[in-house]
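What follows is the content of run.cif (mmCIF, C-alpha atoms).
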data_query
#
loop_
_atom_site.label_atom_id
_atom_site.label_comp_id
_atom_site.auth_asym_id
_atom_site.auth_seq_id
_atom_site.Cartn_x
_atom_site.Cartn_y
_atom_site.Cartn_z
CA MET A 1 12.94 -45.31 -32.26
CA LEU A 2 14.03 -48.37 -30.29
CA ALA A 3 11.57 -49.94 -27.92
CA ARG A 4 12.07 -48.83 -24.33
CA LYS A 5 12.35 -51.34 -21.56
CA LYS A 6 11.45 -50.39 -18.00
CA LEU A 7 12.91 -52.50 -15.22
CA MET A 8 10.97 -52.93 -12.01
CA PRO A 9 12.75 -53.33 -8.67
CA LEU A 10 13.99 -56.83 -7.84
CA ILE A 11 11.48 -59.34 -6.50
CA GLY A 12 11.03 -58.76 -2.78
CA ILE A 13 11.78 -55.04 -2.97
CA ALA A 14 8.91 -52.55 -2.74
CA GLY A 15 8.30 -51.90 -5.75
CA ILE A 16 19.90 -23.89 -21.73
CA SER A 17 22.62 -23.83 -24.22
CA ALA A 18 25.10 -26.64 -24.77
CA LEU A 19 27.35 -27.41 -21.82
CA ALA A 20 30.91 -28.68 -22.14
CA LEU A 21 31.80 -31.65 -19.94
CA SER A 22 35.36 -32.33 -18.92
CA ALA A 23 37.00 -34.44 -21.64
CA CYS A 24 33.95 -33.78 -23.78
CA GLY A 25 33.69 -35.95 -26.88
CA SER A 26 33.86 -34.51 -30.35
CA ALA A 27 30.95 -34.36 -32.75
CA PRO A 28 30.40 -37.31 -35.08
CA ASP A 29 32.48 -37.18 -38.23
CA ALA A 30 33.23 -39.20 -41.32
CA GLU A 31 35.48 -41.56 -39.35
CA ASN A 32 32.78 -42.27 -36.80
CA PRO A 33 29.46 -41.66 -38.58
CA ALA A 34 27.33 -43.79 -36.26
CA ALA A 35 28.31 -41.97 -33.07
CA GLY A 36 25.44 -39.51 -33.20
CA GLY A 37 22.72 -37.77 -35.14
CA ASP A 38 19.24 -38.85 -36.14
CA GLY A 39 19.21 -42.33 -37.63
CA ALA A 40 22.39 -43.48 -35.87
CA ASP A 41 22.47 -47.13 -34.87
CA ASN A 42 24.18 -47.76 -31.56
CA SER A 43 21.68 -50.40 -30.48
CA ASP A 44 24.51 -52.53 -29.10
CA PHE A 45 25.21 -49.76 -26.56
CA THR A 46 22.87 -49.67 -23.57
CA ALA A 47 22.33 -46.48 -21.55
CA CYS A 48 20.51 -46.93 -18.25
CA MET A 49 19.00 -44.70 -15.58
CA VAL A 50 17.87 -45.18 -11.98
CA SER A 51 15.61 -42.52 -10.43
CA ASP A 52 15.48 -41.42 -6.84
CA GLU A 53 12.22 -41.79 -4.93
CA GLY A 54 10.63 -38.80 -6.68
CA GLY A 55 10.12 -40.85 -9.85
CA PHE A 56 10.49 -39.91 -13.50
CA ASP A 57 7.27 -37.89 -13.64
CA ASP A 58 8.19 -35.38 -10.92
CA LYS A 59 8.11 -32.39 -13.34
CA SER A 60 11.52 -31.54 -11.93
CA PHE A 61 14.82 -33.25 -11.18
CA ASN A 62 14.25 -36.85 -12.29
CA GLU A 63 12.11 -35.91 -15.26
CA LEU A 64 14.67 -33.46 -16.59
CA ALA A 65 17.47 -36.02 -16.31
CA HIS A 66 15.19 -38.53 -18.04
CA ALA A 67 14.81 -36.09 -20.94
CA GLY A 68 18.55 -36.48 -21.52
CA LEU A 69 18.10 -40.26 -21.69
CA ASP A 70 15.21 -39.84 -24.13
CA ARG A 71 17.36 -37.63 -26.34
CA ALA A 72 20.19 -40.18 -26.31
CA GLU A 73 17.76 -42.89 -27.40
CA GLU A 74 16.39 -40.77 -30.23
CA GLU A 75 19.53 -39.07 -31.52
CA LEU A 76 22.24 -41.63 -30.77
CA GLY A 77 20.22 -44.77 -31.41
CA VAL A 78 21.26 -46.40 -28.14
CA SER A 79 19.22 -49.01 -26.32
CA VAL A 80 17.68 -47.79 -23.09
CA LEU A 81 16.76 -49.35 -19.75
CA GLU A 82 15.31 -47.52 -16.75
CA ALA A 83 14.34 -48.32 -13.16
CA GLU A 84 12.10 -46.10 -11.07
CA SER A 85 12.82 -46.15 -7.35
CA THR A 86 9.95 -45.77 -4.90
CA SER A 87 12.07 -45.68 -1.74
CA PRO A 88 15.76 -45.59 -0.76
CA ASP A 89 15.59 -49.38 -0.32
CA ASP A 90 15.34 -49.64 -4.11
CA PHE A 91 18.57 -47.81 -4.94
CA GLY A 92 21.09 -50.62 -4.52
CA PRO A 93 18.94 -53.37 -6.07
CA ASN A 94 18.00 -51.19 -9.03
CA LEU A 95 21.63 -50.29 -9.72
CA GLN A 96 22.67 -53.92 -9.44
CA THR A 97 19.90 -54.92 -11.84
CA MET A 98 21.30 -52.47 -14.38
CA VAL A 99 24.78 -53.96 -14.02
CA ASP A 100 23.33 -57.44 -14.42
CA GLN A 101 21.57 -56.32 -17.61
CA GLY A 102 24.92 -55.34 -19.13
CA CYS A 103 24.44 -51.57 -19.20
CA ASN A 104 27.38 -49.69 -20.72
CA ILE A 105 26.61 -46.54 -18.75
CA ILE A 106 24.34 -46.11 -15.73
CA VAL A 107 23.00 -42.71 -14.68
CA PRO A 108 21.95 -42.64 -10.99
CA VAL A 109 19.79 -39.55 -10.53
CA GLY A 110 20.64 -37.77 -7.34
CA PHE A 111 22.63 -37.35 -4.15
CA MET A 112 20.55 -39.95 -2.36
CA LEU A 113 22.00 -42.67 -4.60
CA ALA A 114 25.62 -41.74 -3.83
CA ASP A 115 26.47 -44.48 -1.33
CA ALA A 116 24.83 -47.22 -3.38
CA THR A 117 26.56 -45.95 -6.52
CA GLN A 118 29.99 -45.98 -4.88
CA GLU A 119 29.48 -49.55 -3.68
CA ILE A 120 28.21 -50.87 -7.02
CA ALA A 121 30.82 -48.93 -9.02
CA ASP A 122 33.66 -50.27 -6.87
CA ALA A 123 32.45 -53.82 -7.48
CA ASN A 124 32.05 -53.25 -11.23
CA PRO A 125 35.01 -51.18 -12.46
CA GLU A 126 34.28 -51.91 -16.15
CA THR A 127 30.85 -50.27 -15.98
CA HIS A 128 30.58 -46.50 -16.44
CA PHE A 129 28.51 -44.43 -14.01
CA ALA A 130 27.46 -40.79 -14.45
CA ILE A 131 25.85 -39.66 -11.19
CA VAL A 132 24.00 -36.39 -10.81
CA ASP A 133 24.39 -33.95 -7.88
CA VAL A 134 27.47 -35.56 -6.34
CA ASP A 135 31.12 -34.47 -6.37
CA TYR A 136 32.90 -36.54 -3.71
CA LEU A 137 32.87 -40.13 -4.97
CA GLN A 138 36.02 -41.99 -5.99
CA GLY A 139 36.72 -44.09 -9.07
CA ASP A 140 37.86 -43.83 -12.65
CA ASN A 141 34.54 -45.31 -13.77
CA ILE A 142 32.47 -42.51 -12.17
CA LEU A 143 31.68 -39.16 -13.80
CA GLN A 144 30.14 -36.74 -11.33
CA ILE A 145 27.74 -34.11 -12.70
CA ASN A 146 27.09 -31.27 -10.29
CA TYR A 147 25.61 -27.78 -10.28
CA ASP A 148 26.27 -24.63 -8.25
CA THR A 149 22.57 -23.85 -7.99
CA ALA A 150 23.20 -21.35 -5.19
CA GLN A 151 24.21 -18.90 -7.94
CA ALA A 152 20.90 -19.20 -9.78
CA ALA A 153 18.83 -19.36 -6.59
CA PHE A 154 20.52 -16.11 -5.51
CA LEU A 155 18.99 -14.40 -8.56
CA ALA A 156 15.60 -15.95 -7.77
CA GLY A 157 15.80 -14.79 -4.16
CA TYR A 158 16.60 -11.24 -5.25
CA ALA A 159 13.64 -11.27 -7.62
CA ALA A 160 11.36 -12.80 -4.98
CA ALA A 161 12.25 -10.07 -2.50
CA GLY A 162 11.51 -7.41 -5.10
CA TYR A 163 8.20 -9.00 -6.03
CA SER A 164 6.96 -9.59 -2.47
CA GLU A 165 4.33 -7.19 -1.21
CA SER A 166 4.08 -8.67 2.28
CA GLY A 167 7.81 -8.49 2.99
CA THR A 168 7.89 -12.21 3.85
CA VAL A 169 9.08 -15.04 1.60
CA ALA A 170 9.62 -18.70 2.45
CA THR A 171 11.29 -21.95 1.45
CA TYR A 172 11.19 -25.60 2.44
CA GLY A 173 12.97 -28.74 1.30
CA GLY A 174 12.26 -32.39 0.72
CA GLY A 175 15.31 -33.80 2.52
CA ASN A 176 18.07 -32.05 4.43
CA ILE A 177 20.76 -32.88 1.88
CA PRO A 178 23.27 -30.65 0.07
CA SER A 179 21.53 -30.76 -3.31
CA VAL A 180 18.45 -29.28 -1.59
CA THR A 181 19.95 -26.85 0.91
CA ILE A 182 22.15 -25.27 -1.77
CA PHE A 183 18.95 -23.85 -3.33
CA MET A 184 17.73 -22.61 0.05
CA ASP A 185 21.07 -20.95 0.85
CA GLY A 186 21.21 -19.14 -2.49
CA PHE A 187 17.59 -18.04 -2.20
CA ALA A 188 18.03 -16.63 1.31
CA ASP A 189 21.30 -14.91 0.39
CA GLY A 190 19.65 -13.33 -2.65
CA VAL A 191 16.95 -11.88 -0.40
CA GLU A 192 19.60 -10.56 1.96
CA TYR A 193 21.45 -8.94 -0.95
CA TYR A 194 18.22 -7.25 -2.06
CA ASN A 195 17.76 -5.87 1.44
CA GLU A 196 21.32 -4.53 1.47
CA GLN A 197 20.96 -2.89 -1.93
CA LYS A 198 17.48 -1.44 -1.36
CA GLY A 199 17.47 -0.71 2.35
CA GLU A 200 14.54 -3.11 2.81
CA ASP A 201 13.84 -5.80 5.39
CA VAL A 202 12.24 -8.71 3.53
CA GLN A 203 12.18 -11.73 5.83
CA VAL A 204 12.88 -15.36 4.91
CA ILE A 205 11.04 -18.05 6.86
CA GLY A 206 11.66 -21.77 6.59
CA TRP A 207 15.43 -21.59 6.41
CA ASN A 208 18.33 -20.10 8.40
CA VAL A 209 21.58 -19.97 6.46
CA GLU A 210 23.75 -19.47 9.54
CA SER A 211 22.38 -22.42 11.52
CA GLN A 212 21.59 -24.50 8.41
CA ALA A 213 18.22 -25.35 9.95
CA GLY A 214 14.72 -25.07 8.56
CA GLU A 215 11.57 -26.75 7.30
CA PHE A 216 11.78 -30.16 5.61
CA VAL A 217 9.17 -32.67 4.54
CA GLY A 218 11.56 -35.52 5.31
CA ASN A 219 11.19 -37.17 1.90
CA PHE A 220 10.25 -36.32 -1.68
CA THR A 221 6.78 -37.85 -1.85
CA ASP A 222 4.67 -36.56 1.06
CA ASN A 223 2.66 -33.75 -0.47
CA THR A 224 0.30 -33.70 2.51
CA LYS A 225 3.21 -32.57 4.66
CA ALA A 226 4.28 -30.10 1.97
CA LEU A 227 0.75 -28.66 1.97
CA GLN A 228 0.80 -28.32 5.76
CA ILE A 229 4.15 -26.54 5.73
CA THR A 230 2.90 -24.16 3.06
CA GLU A 231 -0.28 -23.44 5.03
CA GLY A 232 1.95 -22.41 7.92
CA PHE A 233 3.92 -20.09 5.67
CA LEU A 234 0.74 -18.50 4.31
CA ALA A 235 -0.51 -17.95 7.85
CA GLN A 236 2.71 -16.01 8.52
CA GLY A 237 2.14 -13.81 5.47
CA ALA A 238 4.57 -15.35 2.98
CA ASP A 239 3.64 -14.45 -0.59
CA VAL A 240 6.58 -16.11 -2.42
CA ILE A 241 7.46 -19.75 -1.64
CA LEU A 242 10.35 -21.89 -2.91
CA PRO A 243 9.66 -25.65 -2.55
CA VAL A 244 12.87 -27.63 -3.12
CA GLY A 245 11.82 -31.22 -3.49
CA GLY A 246 10.85 -32.38 -6.95
CA PRO A 247 7.11 -33.12 -6.95
CA LEU A 248 6.61 -31.50 -3.52
CA TYR A 249 5.72 -28.23 -5.27
CA GLN A 250 2.29 -29.83 -5.69
CA GLY A 251 1.57 -29.52 -1.97
CA ALA A 252 2.53 -25.85 -2.07
CA ALA A 253 0.35 -25.20 -5.10
CA GLU A 254 -2.62 -26.97 -3.54
CA ALA A 255 -2.32 -24.94 -0.33
CA ILE A 256 -2.22 -21.72 -2.34
CA ARG A 257 -5.24 -22.75 -4.42
CA ASN A 258 -7.17 -23.66 -1.27
CA ALA A 259 -6.38 -20.30 0.29
CA GLN A 260 -7.29 -18.52 -2.94
CA GLY A 261 -10.79 -19.95 -3.05
CA ASP A 262 -12.98 -18.00 -5.45
CA SER A 263 -10.69 -14.98 -5.48
CA GLU A 264 -9.15 -13.96 -8.80
CA GLU A 265 -5.81 -13.30 -7.11
CA ALA A 266 -3.75 -15.98 -5.38
CA PRO A 267 -2.27 -15.16 -1.97
CA ALA A 268 1.19 -16.34 -3.00
CA VAL A 269 3.33 -17.56 -5.87
CA ILE A 270 5.87 -20.37 -6.02
CA LEU A 271 9.27 -20.89 -7.61
CA GLY A 272 10.07 -24.04 -9.58
CA VAL A 273 13.37 -25.89 -9.31
CA ASP A 274 15.53 -27.75 -11.83
CA SER A 275 13.24 -27.35 -14.87
CA ASP A 276 10.89 -24.58 -16.00
CA LEU A 277 7.78 -25.46 -14.01
CA THR A 278 5.50 -23.43 -16.26
CA VAL A 279 6.30 -25.91 -19.06
CA GLY A 280 5.63 -29.00 -16.95
CA GLU A 281 2.61 -27.51 -15.15
CA PRO A 282 0.96 -24.93 -17.43
CA ASP A 283 -2.18 -24.95 -15.26
CA TYR A 284 -0.10 -23.46 -12.46
CA ALA A 285 1.48 -20.74 -14.64
CA ASP A 286 -0.54 -18.05 -12.85
CA ILE A 287 1.20 -18.87 -9.55
CA ILE A 288 4.75 -19.60 -10.80
CA LEU A 289 6.98 -16.53 -10.53
CA THR A 290 10.01 -18.20 -12.18
CA SER A 291 12.11 -21.35 -11.88
CA VAL A 292 15.70 -22.06 -10.83
CA LEU A 293 17.16 -24.12 -13.68
CA LYS A 294 19.75 -26.88 -13.94
CA GLY A 295 21.00 -28.17 -17.29
CA LEU A 296 20.44 -31.80 -16.36
CA ASP A 297 19.01 -32.84 -19.71
CA VAL A 298 21.99 -31.54 -21.65
CA THR A 299 24.68 -32.87 -19.35
CA VAL A 300 23.11 -36.32 -19.06
CA PHE A 301 22.87 -36.53 -22.84
CA GLU A 302 26.48 -35.44 -23.27
CA ALA A 303 27.70 -37.96 -20.70
CA ILE A 304 26.01 -40.73 -22.68
CA GLU A 305 27.25 -39.33 -26.00
CA ASN A 306 30.83 -39.26 -24.73
CA ALA A 307 30.56 -42.86 -23.57
CA VAL A 308 29.21 -43.90 -26.98
CA ASN A 309 32.17 -42.13 -28.61
CA GLY A 310 34.63 -43.95 -26.35
CA GLU A 311 35.48 -40.72 -24.53
CA PHE A 312 33.76 -41.23 -21.19
CA ALA A 313 35.10 -38.70 -18.68
CA GLY A 314 35.45 -41.04 -15.70
CA GLY A 315 37.22 -39.76 -12.61
CA THR A 316 36.21 -36.15 -13.31
CA VAL A 317 33.63 -33.68 -12.04
CA TYR A 318 31.53 -31.35 -14.17
CA THR A 319 30.09 -28.32 -12.37
CA GLY A 320 27.32 -26.23 -13.92
CA THR A 321 27.53 -22.51 -13.16
CA LEU A 322 26.06 -19.26 -14.39
CA GLU A 323 29.21 -18.75 -16.44
CA ASN A 324 28.93 -22.00 -18.41
CA GLU A 325 25.10 -21.75 -18.41
CA GLY A 326 24.74 -24.97 -16.45
CA VAL A 327 22.38 -23.10 -14.11
CA GLY A 328 20.11 -20.08 -14.51
CA ILE A 329 16.58 -18.82 -14.02
CA ALA A 330 13.58 -19.02 -16.34
CA GLY A 331 11.64 -16.04 -17.58
CA PHE A 332 8.92 -14.37 -15.49
CA GLY A 333 6.09 -14.63 -18.01
CA GLU A 334 3.08 -12.58 -17.01
CA PHE A 335 4.80 -11.59 -13.76
CA GLU A 336 7.53 -9.55 -15.47
CA SER A 337 5.25 -6.52 -15.60
CA GLN A 338 4.64 -6.88 -11.84
CA LEU A 339 8.31 -6.74 -10.91
CA PRO A 340 9.83 -3.46 -9.72
CA GLU A 341 10.91 -1.26 -12.59
CA GLY A 342 14.40 -2.16 -13.78
CA MET A 343 14.44 -5.53 -12.00
CA VAL A 344 15.26 -7.59 -15.11
CA ASP A 345 18.22 -5.35 -15.91
CA GLU A 346 19.37 -5.55 -12.29
CA LEU A 347 19.31 -9.33 -12.45
CA GLU A 348 21.51 -9.29 -15.54
CA GLU A 349 23.96 -7.01 -13.75
CA ILE A 350 23.98 -9.26 -10.69
CA LYS A 351 24.54 -12.31 -12.88
CA ALA A 352 27.52 -10.58 -14.50
CA GLY A 353 28.82 -9.66 -11.05
CA ILE A 354 28.60 -13.25 -9.84
CA ILE A 355 30.40 -14.53 -12.94
CA ALA A 356 33.13 -11.90 -12.54
CA GLY A 357 33.54 -12.73 -8.85
CA ASP A 358 32.52 -9.26 -7.74
CA ILE A 359 29.44 -10.67 -5.98
CA GLU A 360 30.33 -13.67 -3.86
CA VAL A 361 27.75 -16.44 -3.67
CA GLU A 362 28.72 -19.35 -1.46
CA SER A 363 26.82 -22.11 0.26
CA PRO A 364 28.23 -24.76 2.60
CA SER A 365 26.86 -27.14 -0.04
CA SER A 366 28.48 -25.42 -3.03
CA PRO A 367 30.62 -27.79 -5.11
CA GLU A 368 34.15 -27.04 -6.11
CA VAL A 369 34.19 -25.69 -9.65
CA ALA A 370 36.35 -27.90 -11.84
CA GLU A 371 39.02 -26.06 -13.79
#
Using the file provided, produce a representation of the structure as C-alpha cells.
Amino acid sequence: MLARKKLMPLIGIAGISALALSACGSAPDAENPAAGGDGADNSDFTACMVSDEGGFDDKSFNELAHAGLDRAEEELGVSVLEAESTSPDDFGPNLQTMVDQGCNIIVPVGFMLADATQEIADANPETHFAIVDVDYLQGDNILQINYDTAQAAFLAGYAAAGYSESGTVATYGGGNIPSVTIFMDGFADGVEYYNEQKGEDVQVIGWNVESQAGEFVGNFTDNTKALQITEGFLAQGADVILPVGGPLYQGAAEAIRNAQGDSEEAPAVILGVDSDLTVGEPDYADIILTSVLKGLDVTVFEAIENAVNGEFAGGTVYTGTLENEGVGIAGFGEFESQLPEGMVDELEEIKAGIIAGDIEVESPSSPEVAE
C-alpha cells in the first residue's frame, strides 16, 4: 500500500450494496487493466480529502467518507492526501492546499464546506471536486453526492416510537443545517406515522418539524453541551435519543451512562447516524437501538474510481435513497427481541411503501432525486 500523507492546515491557521453514480464508470477490463483491482498502480493519480470540523475519527460522517478514500488507495493504487479541519476557518486553506499539491480529485466532506468548495472550484476548473451532502453548487468540475436520509430516519423514528416505554423520544443536532435537520425531520415524521397507525401519542422533544426549530449544540465538537442537552431530555422522560452531529453521540452516551449508575438497565438508548455505530463503538452496543445509514464509503470510492477511469461525473448530482440503497437502517441486534411483535416486518412494508410512493416522506431539506 502506498504511504499516506496527511496535510496540516496552512501556517497561521488553527490547526450497503453497490450504488450507481450518474455517468458511473465501467469496471476495469483488458483495455484498461490498471484502472482498478488489488495491485493496480495509479500512483500518478492523487485523490484528496478535506474533513469538516468533526475530524476523521468521528465514528460517523467523516470517518465513513474516509473509508472510501482508504478503499481507493488500497484497491485502485492511487496516491492519497488528506487534511483534517478543526474549525470552519480551516476549510478554504485546506482546500487550497490540496489544489496546490496537484490533487486530481478533492473530496470535501460535508455541507459546511460548500461555500469554500464553490470558490476554490470556480478558480480551478481543471481540478475535480466530489462534495458530500450538497446539491446546489454550480460547475462542470463538481460532482455532488447527496442522500435523502429523511427516508431512512423515518423508519428509525417509527421503530423508536414502537420501542419507547415512556412515550417520549428526543433528538438534537450539531448545527442547524440541512444535512442535519433532514434526519430530525424524518425521525419526527416516522414517530407521527407510528402514532397514526397505532392510535398512540408518542411525543418528540428537541425538534418541531413545522417550525423547523429545536435543540442544537451549535457545532460538532462540544460534547459537554451535548451531554447537557441529553440530561435535559432524560429529565423529561425521553428513553430514545437521536443525536445528529458526528461525534456528538458521545455526550449523549455519557449522560445515559451517568444516569444509569450501577443499574443493569440504562434509562435510554441512542440512534447512530451515517454509519453503524455498534461497529464503531462496540462498548456502547447495549445502548444503541439502531443506526440511520448513508452509503458514503461506497459513493466516495466510486467517485474516485470514475475519475481514475476518466469518467468523472462533473456537473451532476447523485442522490442516495431507500430504492437505490444509498440510505437505510442497521439491524437492531439484541434489541430486536424487545421491539413490538411484527415490527421488523412492518418496517419492511413501510420501506416498500416509501419506495413505491405510497408513503410520502418529505423534509424541507430533502434533495431532488436525480433521474
Min atom-atom distance to Asp274 of chain A from the set A:Ala152, A:Ala259, A:Ala83, A:Val78, counting all atoms listed in the file, belongs to A:Ala152
Can you list, as an mmCIF file with C-alpha atoms, keeping the file's coordinate frame, every protein, DNA or RNA residue that comes within 10 Å of segment 51-65 of chain A when you count all atoms listed in the file, leaving out same-chain residues fewer than 4 positions away?
data_model
loop_
_atom_site.group_PDB
_atom_site.id
_atom_site.type_symbol
_atom_site.label_atom_id
_atom_site.label_comp_id
_atom_site.auth_asym_id
_atom_site.auth_seq_id
_atom_site.Cartn_x
_atom_site.Cartn_y
_atom_site.Cartn_z
ATOM 1 C CA LEU A 69 18.100 -40.260 -21.690
ATOM 2 C CA ASP A 70 15.210 -39.840 -24.130
ATOM 3 C CA GLU A 82 15.310 -47.520 -16.750
ATOM 4 C CA ALA A 83 14.340 -48.320 -13.160
ATOM 5 C CA GLU A 84 12.100 -46.100 -11.070
ATOM 6 C CA SER A 85 12.820 -46.150 -7.350
ATOM 7 C CA THR A 86 9.950 -45.770 -4.900
ATOM 8 C CA SER A 87 12.070 -45.680 -1.740
ATOM 9 C CA PRO A 88 15.760 -45.590 -0.760
ATOM 10 C CA ASP A 89 15.590 -49.380 -0.320
ATOM 11 C CA ASP A 90 15.340 -49.640 -4.110
ATOM 12 C CA PHE A 91 18.570 -47.810 -4.940
ATOM 13 C CA ASN A 94 18.000 -51.190 -9.030
ATOM 14 C CA LEU A 95 21.630 -50.290 -9.720
ATOM 15 C CA VAL A 107 23.000 -42.710 -14.680
ATOM 16 C CA PRO A 108 21.950 -42.640 -10.990
ATOM 17 C CA VAL A 109 19.790 -39.550 -10.530
ATOM 18 C CA GLY A 110 20.640 -37.770 -7.340
ATOM 19 C CA PHE A 111 22.630 -37.350 -4.150
ATOM 20 C CA MET A 112 20.550 -39.950 -2.360
ATOM 21 C CA LEU A 113 22.000 -42.670 -4.600
ATOM 22 C CA VAL A 132 24.000 -36.390 -10.810
ATOM 23 C CA GLY A 174 12.260 -32.390 0.720
ATOM 24 C CA ASN A 219 11.190 -37.170 1.900
ATOM 25 C CA PHE A 220 10.250 -36.320 -1.680
ATOM 26 C CA THR A 221 6.780 -37.850 -1.850
ATOM 27 C CA VAL A 244 12.870 -27.630 -3.120
ATOM 28 C CA GLY A 245 11.820 -31.220 -3.490
ATOM 29 C CA GLY A 246 10.850 -32.380 -6.950
ATOM 30 C CA PRO A 247 7.110 -33.120 -6.950
ATOM 31 C CA LEU A 248 6.610 -31.500 -3.520
ATOM 32 C CA TYR A 249 5.720 -28.230 -5.270
ATOM 33 C CA GLN A 250 2.290 -29.830 -5.690
ATOM 34 C CA GLY A 272 10.070 -24.040 -9.580
ATOM 35 C CA VAL A 273 13.370 -25.890 -9.310
ATOM 36 C CA ASP A 274 15.530 -27.750 -11.830
ATOM 37 C CA SER A 275 13.240 -27.350 -14.870
ATOM 38 C CA ASP A 276 10.890 -24.580 -16.000
ATOM 39 C CA LEU A 277 7.780 -25.460 -14.010
ATOM 40 C CA THR A 278 5.500 -23.430 -16.260
ATOM 41 C CA VAL A 279 6.300 -25.910 -19.060
ATOM 42 C CA GLY A 280 5.630 -29.000 -16.950
ATOM 43 C CA GLU A 281 2.610 -27.510 -15.150
ATOM 44 C CA LEU A 293 17.160 -24.120 -13.680
ATOM 45 C CA LYS A 294 19.750 -26.880 -13.940
ATOM 46 C CA GLY A 295 21.000 -28.170 -17.290
ATOM 47 C CA LEU A 296 20.440 -31.800 -16.360
ATOM 48 C CA ASP A 297 19.010 -32.840 -19.710
ATOM 49 C CA VAL A 298 21.990 -31.540 -21.650
ATOM 50 C CA THR A 299 24.680 -32.870 -19.350
ATOM 51 C CA VAL A 300 23.110 -36.320 -19.060
ATOM 52 C CA PHE A 301 22.870 -36.530 -22.840
#
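Each of A:Gly320, A:Gly315, A:Gly326, A:Gly173 was checked against Asn141 of chain A using only C-alpha atoms; the smallest atom-to-atom distance is that of A:Gly315.
The set of protein, DNA and RNA residues with any counted atom at most 10 Å from (30.7, -19.0, -15.4) (all atoms listed in the file) reads Gln151, Thr319, Gly320, Thr321, Leu322, Glu323, Asn324, Glu325, Gly326, Val327, Lys351, Ala352, Ile354, Ile355, Ala356, Gly357 and Val369 of chain A.
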Correct to one decimal, the distance atom CA of Glu73 of chain A-atom CA of Leu143 of chain A is 19.8 Å
Subject >> Output check: residues returned by the PyMOL selection byres ((chain A and resi 333) around 12), as a PyMOL selection string >> reply: chain A and resi 276-279+282+285-291+329-332+334-339+344
Practice problem: For the file shown, report as a PyMOL selection string the outcome of the PyMOL selection byres ((chain A and resi 231) around 10) at residue level. | Solution: chain A and resi 225-230+232-238+251-252+254-256+258-259
Do you have the atom CA of Asn309 of chain A-atom CA of Ala67 of chain A distance handy?
->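 One can read the atom CA of Asn309 of chain A to atom CA of Ala67 of chain A distance as 19.9 Å.
Applied to the file shown here, the PyMOL selection byres ((chain A and resi 202-214) around 7) selects the residues Ala161, Gly167, Thr168, Val169, Ala170, Thr171, Tyr172, Met184, Asp185, Ala188, Val191, Asn195, Glu200, Asp201, Glu215 and Phe216 of chain A.
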With distances taken over all atoms listed in the file, which residue among A:Ser164, A:Gln260, A:Asn306, A:Ser79 lies nearest Cys48 of chain A?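 With all atoms listed in the file as the atom set, the closest residue is A:Ser79.
Among the candidates A:Asp283, A:Glu302, A:Glu192, A:Glu264, the one nearest to Ala156 of chain A when counting only C-alpha atoms is A:Glu192.
The two atoms in question, atom CA of Gly190 of chain A and atom CA of Gln144 of chain A, are spaced 27.1 Å apart.
Among the candidates A:Ile105, A:Ser366, A:Tyr284, A:Ala72, the one nearest to Ser179 of chain A when counting all atoms listed in the file is A:Ser366.
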Judged by all atoms listed in the file, the minimum distance to Thr316 of chain A among A:Gly157, A:Pro243, A:Gly139, A:Gly175 is found for A:Gly139
Could you please fill out segment 310-321 of chain A with N, CA and C atoms and send it back as a short mmCIF file (atom, residue, chain, number, x, y, z; two decimals), keeping the file's coordinate frame?
data_model
loop_
_atom_site.label_atom_id
_atom_site.label_comp_id
_atom_site.auth_asym_id
_atom_site.auth_seq_id
_atom_site.Cartn_x
_atom_site.Cartn_y
_atom_site.Cartn_z
N GLY A 310 33.41 -43.42 -26.94
CA GLY A 310 34.63 -43.95 -26.35
C GLY A 310 35.44 -42.92 -25.61
N GLU A 311 34.79 -41.81 -25.21
CA GLU A 311 35.48 -40.72 -24.53
C GLU A 311 34.81 -40.39 -23.21
N PHE A 312 34.40 -41.42 -22.49
CA PHE A 312 33.76 -41.23 -21.19
C PHE A 312 34.72 -40.55 -20.22
N ALA A 313 34.24 -39.52 -19.54
CA ALA A 313 35.10 -38.70 -18.68
C ALA A 313 35.10 -39.20 -17.24
N GLY A 314 35.41 -40.48 -17.05
CA GLY A 314 35.45 -41.04 -15.70
C GLY A 314 36.53 -40.41 -14.84
N GLY A 315 36.26 -40.34 -13.55
CA GLY A 315 37.22 -39.76 -12.61
C GLY A 315 37.23 -38.25 -12.61
N THR A 316 36.26 -37.61 -13.28
CA THR A 316 36.21 -36.15 -13.31
C THR A 316 34.88 -35.65 -12.77
N VAL A 317 34.84 -34.34 -12.52
CA VAL A 317 33.63 -33.68 -12.04
C VAL A 317 33.29 -32.54 -12.98
N TYR A 318 32.04 -32.50 -13.43
CA TYR A 318 31.53 -31.35 -14.17
C TYR A 318 30.68 -30.52 -13.22
N THR A 319 30.89 -29.20 -13.20
CA THR A 319 30.09 -28.32 -12.37
C THR A 319 29.41 -27.26 -13.23
N GLY A 320 28.08 -27.25 -13.21
CA GLY A 320 27.32 -26.23 -13.92
C GLY A 320 27.27 -24.94 -13.13
N THR A 321 27.53 -23.83 -13.78
CA THR A 321 27.53 -22.51 -13.16
C THR A 321 26.78 -21.52 -14.04
#
